[in-house]
Amino acid sequence: MKTGLFVGFILLLVPLQTTVLGSVSPFGIRPDLCLIAACLIGFLTGQVQGLIMGFFLGFVQDLFSASDLWLNTITKSGVGFFAGLIARNLANAASHSAFLVVAVFSVFSGVVFMVSSRVGMDIGDVLLGFPSILLPQALFDGLVAIAVYWVATRWTPEASSF
Amino acid sequence: MIGRVRPLVLWSPSTRRLVVVLVIIALVLLFLLPRQTQFLLQQVSKPVADLVSVPLEMMADVDRGVRNWWNQYVALQGMYEQNRDLQVKVQNLEGELNRLREHALASQRLAALLDFQEESAMTTLAARVIGRSASNWYSGVVLNKGEDDGVAVEFGVITPAGIVGHIVKVASSTSIALLITDPNVAVTGLVQRTRDEGIVQGTAQGYVRMKYIPPLAAVKEGDAVVTSGLTGGFPRGLLIGQVLKVGEREGDLFQTAHVAPVVDFGKLEEVLIVLPPPSSESTESIGNILTSQEKKPKDS
């Protein structure tokens, strides 16, 4: 049952990202649901869970993205893993911590994509990705993370006392 | 901090260890041998993509239904329908006008001499846009036609108005097309009036520019830019856009023009994938050359 939930979650998140979020994209920027999910899962449940979920979410996202067939796989795995590591050293975390962690990882992941998608271009064009995509997306990802964090921590009250 | 919520996956310790080891091996291989691992991933990716395409198509239908309902019944009753019909009509007429203009120019210059059959014969396959690329860093769309329908990487994607982009990734029943506004797409273009060639490429800002226009070319604002047919994927004479501004800096070897694409990429719903012409059509008459015919997808 749990494995079914895991598979269902992975299979539904990317279609949600590619279809419905197309209609919810202020200034043409959509939140990266897979990054938010990998990051929060790592953050809330540990680096191993983050690594595994990040790997599979990134792989499926790669299938429906125009990028190379590994870029999301690697970045999402890393995001899930390192978010888990950071969470281990946080005594008191709240929604603002989730915002910060997701936004920072969104920036790191964005830099990887910005460099890889703009190979051979003028440095000015490459850096233009900062104000036009990278920073707005980081902000958007962080804000969505606050909402997801709030829901996730309230829907599983029995685990909150851990 | 960890443990605020229950893990989504509650595998046994041995299964968990196995999954972690496999994931780590896969990541190490991706780092060390990215090219070789891509081949393996492509084999695995096709059935997974087919599986994901089922909820994807369902969500696309729901999304389309909600959007249609909103646009037609809530936002602008009647006006939306009328506007959309007129826009489609204008786009079709623009495409038709461009084709006729191109045809007339070609006929005037080279009627008896040139063999346009190979460069302009066009077989197309209709496809529906079912999603947008899952990343903000690439301007792409997900199409509901894939390898099973005869689609392959590098095939051109167009609408009746003009060109859209080309296919970069193919699964059995879906494919990803990168739009002409993406910096990673470049096609050879031709200024229709002056016949000067250049490279049309997307930019990081999201518009399109035509580079390497000869310095003495008298290109001006409003000139139509069409495909030259020199690069794969597109036959000659398909409208790309109109010149917005010609930039020329002192000392530059070439001119560069900003081009406004004729296709509205924000409202793409249906597109045509350009298939390579079958060899049996080599005896087609010139009258049929600039006519696109829709090929029915294979029964599957």
# chains A, B, ... in the order shown; residues from 1 in each chain; ligands from 1

$ residues_around --residues "Gly22 of chain A" --least-positions-apart "6" --cutoff "10 Å" --atoms "only C-alpha atoms" --output "PDB file with C-alpha atoms, in the first residue's frame"
ATOM      1  CA  LEU A  16       0.452  18.125 -12.375  1.00  0.00           C
ATOM      2  CA  GLY A  28       5.582  32.723 -16.970  1.00  0.00           C
ATOM      3  CA  ILE A  29       7.265  31.173 -13.923  1.00  0.00           C
ATOM      4  CA  ARG A  30       5.963  27.920 -12.472  1.00  0.00           C
ATOM      5  CA  PRO A  31       7.012  26.464  -9.130  1.00  0.00           C
TER       6      PRO A  31
ATOM      7  CA  ASP B  63      -7.173  21.269 -17.385  1.00  0.00           C
ATOM      8  CA  GLY B 131       1.531  20.007 -21.311  1.00  0.00           C
ATOM      9  CA  ARG B 132       4.460  22.348 -20.927  1.00  0.00           C
ATOM     10  CA  SER B 133       8.052  21.333 -20.340  1.00  0.00           C
ATOM     11  CA  ALA B 134       8.495  20.388 -16.686  1.00  0.00           C
ATOM     12  CA  GLY B 266       1.121  30.870 -24.934  1.00  0.00           C
TER      13      GLY B 266
END

$ residues_around --residues "Asp62 of chain A" --least-positions-apart "3" --cutoff "9 Å" --atoms "only C-alpha atoms" --output "VMD selection string"
(chain A and resid 57 to 59 65 to 73) or (chain B and resid 134 to 135)

$ select_by_dssp --residues "segment 28-231 of chain B" --states "strand (DSSP E or B)" --output "PyMOL selection string"
chain B and resi 122-132+140-143+156-158+163-170+175-179+186-191+197-202+208-213+224-227

$ residues_around --residues "Ser53 of chain B" --least-positions-apart "6" --cutoff "8 Å" --atoms "only C-alpha atoms" --output "PDB file with C-alpha atoms, in the first residue's frame"
ATOM      1  CA  PRO A  15       1.722  15.528 -14.851  1.00  0.00           C
TER       2      PRO A  15
ATOM      3  CA  SER B 173       3.223   7.926 -27.132  1.00  0.00           C
ATOM      4  CA  THR B 174       4.502  11.397 -26.265  1.00  0.00           C
TER       5      THR B 174
END

$ select_by_dssp --residues "segment 32-234 of chain B" --states "helix (DSSP H, G or I)" --output "ChimeraX atom specification"
/B:32,34-75,79-110,117-120,147-149

$ write_last_selection --atoms "C-alpha atoms" --output "tab-separated table (two decimals), in the first residue's frame"
chain	number	residue	atom	x	y	z
B	32	LEU	CA	31.12	9.28	-14.27
B	34	PRO	CA	26.79	10.31	-18.44
B	35	ARG	CA	26.69	9.42	-22.16
B	36	GLN	CA	26.75	5.66	-21.67
B	37	THR	CA	24.22	5.80	-18.85
B	38	GLN	CA	21.88	7.88	-21.02
B	39	PHE	CA	21.42	4.91	-23.34
B	40	LEU	CA	20.41	2.70	-20.42
B	41	LEU	CA	18.12	5.39	-19.04
B	42	GLN	CA	16.46	5.83	-22.43
B	43	GLN	CA	15.54	2.15	-22.45
B	44	VAL	CA	14.06	2.40	-18.96
B	45	SER	CA	12.43	5.74	-19.65
B	46	LYS	CA	10.10	4.63	-22.45
B	47	PRO	CA	7.78	2.39	-20.40
B	48	VAL	CA	7.89	4.86	-17.51
B	49	ALA	CA	6.97	7.72	-19.86
B	50	ASP	CA	4.09	5.64	-21.23
B	51	LEU	CA	2.87	5.02	-17.71
B	52	VAL	CA	3.07	8.69	-16.77
B	53	SER	CA	1.42	9.76	-20.03
B	54	VAL	CA	-1.87	8.17	-18.86
B	55	PRO	CA	-2.42	10.55	-15.88
B	56	LEU	CA	-0.81	13.29	-17.95
B	57	GLU	CA	-3.43	13.01	-20.70
B	58	MET	CA	-6.19	12.80	-18.11
B	59	MET	CA	-4.99	15.91	-16.32
B	60	ALA	CA	-4.54	17.70	-19.66
B	61	ASP	CA	-8.18	16.93	-20.49
B	62	VAL	CA	-9.35	18.17	-17.10
B	63	ASP	CA	-7.17	21.27	-17.39
B	64	ARG	CA	-8.46	21.97	-20.88
B	65	GLY	CA	-12.05	21.43	-19.77
B	66	VAL	CA	-11.71	23.81	-16.83
B	67	ARG	CA	-9.99	26.42	-18.97
B	68	ASN	CA	-12.60	26.15	-21.71
B	69	TRP	CA	-15.38	26.39	-19.17
B	70	TRP	CA	-13.80	29.44	-17.59
B	71	ASN	CA	-13.09	31.16	-20.88
B	72	GLN	CA	-16.41	30.42	-22.48
B	73	TYR	CA	-18.89	30.70	-19.66
B	74	VAL	CA	-17.30	32.79	-16.99
B	75	ALA	CA	-14.73	35.15	-18.42
B	79	MET	CA	-16.59	37.00	-27.17
B	80	TYR	CA	-13.98	34.38	-26.52
B	81	GLU	CA	-15.50	32.01	-29.06
B	82	GLN	CA	-15.71	34.70	-31.69
B	83	ASN	CA	-12.24	36.00	-30.99
B	84	ARG	CA	-10.73	32.54	-31.13
B	85	ASP	CA	-12.42	31.76	-34.42
B	86	LEU	CA	-11.20	35.03	-35.89
B	87	GLN	CA	-7.68	34.45	-34.60
B	88	VAL	CA	-7.59	30.98	-36.11
B	89	LYS	CA	-8.93	32.40	-39.36
B	90	VAL	CA	-6.34	35.18	-39.43
B	91	GLN	CA	-3.55	32.74	-38.66
B	92	ASN	CA	-4.71	30.39	-41.40
B	93	LEU	CA	-5.01	33.24	-43.88
B	94	GLU	CA	-1.58	34.57	-42.92
B	95	GLY	CA	-0.09	31.17	-43.44
B	96	GLU	CA	-1.92	30.78	-46.74
B	97	LEU	CA	-0.93	34.26	-47.89
B	98	ASN	CA	2.66	33.59	-47.03
B	99	ARG	CA	2.65	30.31	-48.87
B	100	LEU	CA	1.12	31.91	-51.94
B	101	ARG	CA	3.56	34.80	-51.81
B	102	GLU	CA	6.45	32.44	-51.49
B	103	HIS	CA	5.07	30.32	-54.27
B	104	ALA	CA	4.67	33.31	-56.56
B	105	LEU	CA	8.18	34.55	-55.89
B	106	ALA	CA	9.62	31.12	-56.51
B	107	SER	CA	7.60	30.71	-59.67
B	108	GLN	CA	8.66	34.09	-61.04
B	109	ARG	CA	12.33	33.46	-60.54
B	110	LEU	CA	12.83	29.84	-61.15
B	117	GLN	CA	9.84	18.79	-54.94
B	118	GLU	CA	12.24	17.60	-52.29
B	119	GLU	CA	12.49	20.80	-50.32
B	120	SER	CA	8.82	21.65	-50.11
B	147	GLU	CA	7.56	7.02	-31.61
B	148	ASP	CA	4.52	4.81	-32.28
B	149	ASP	CA	3.13	7.51	-34.57

$ atom_distance --atom1 "atom CA of Arg195 of chain B" --atom2 "atom CA of Ile180 of chain B"
20.8 Å

$ closest_residue --among "A:Gly142, A:Cys39, A:Gly80, A:Leu5" --to "chain B" --atoms "only C-alpha atoms"
A:Leu5
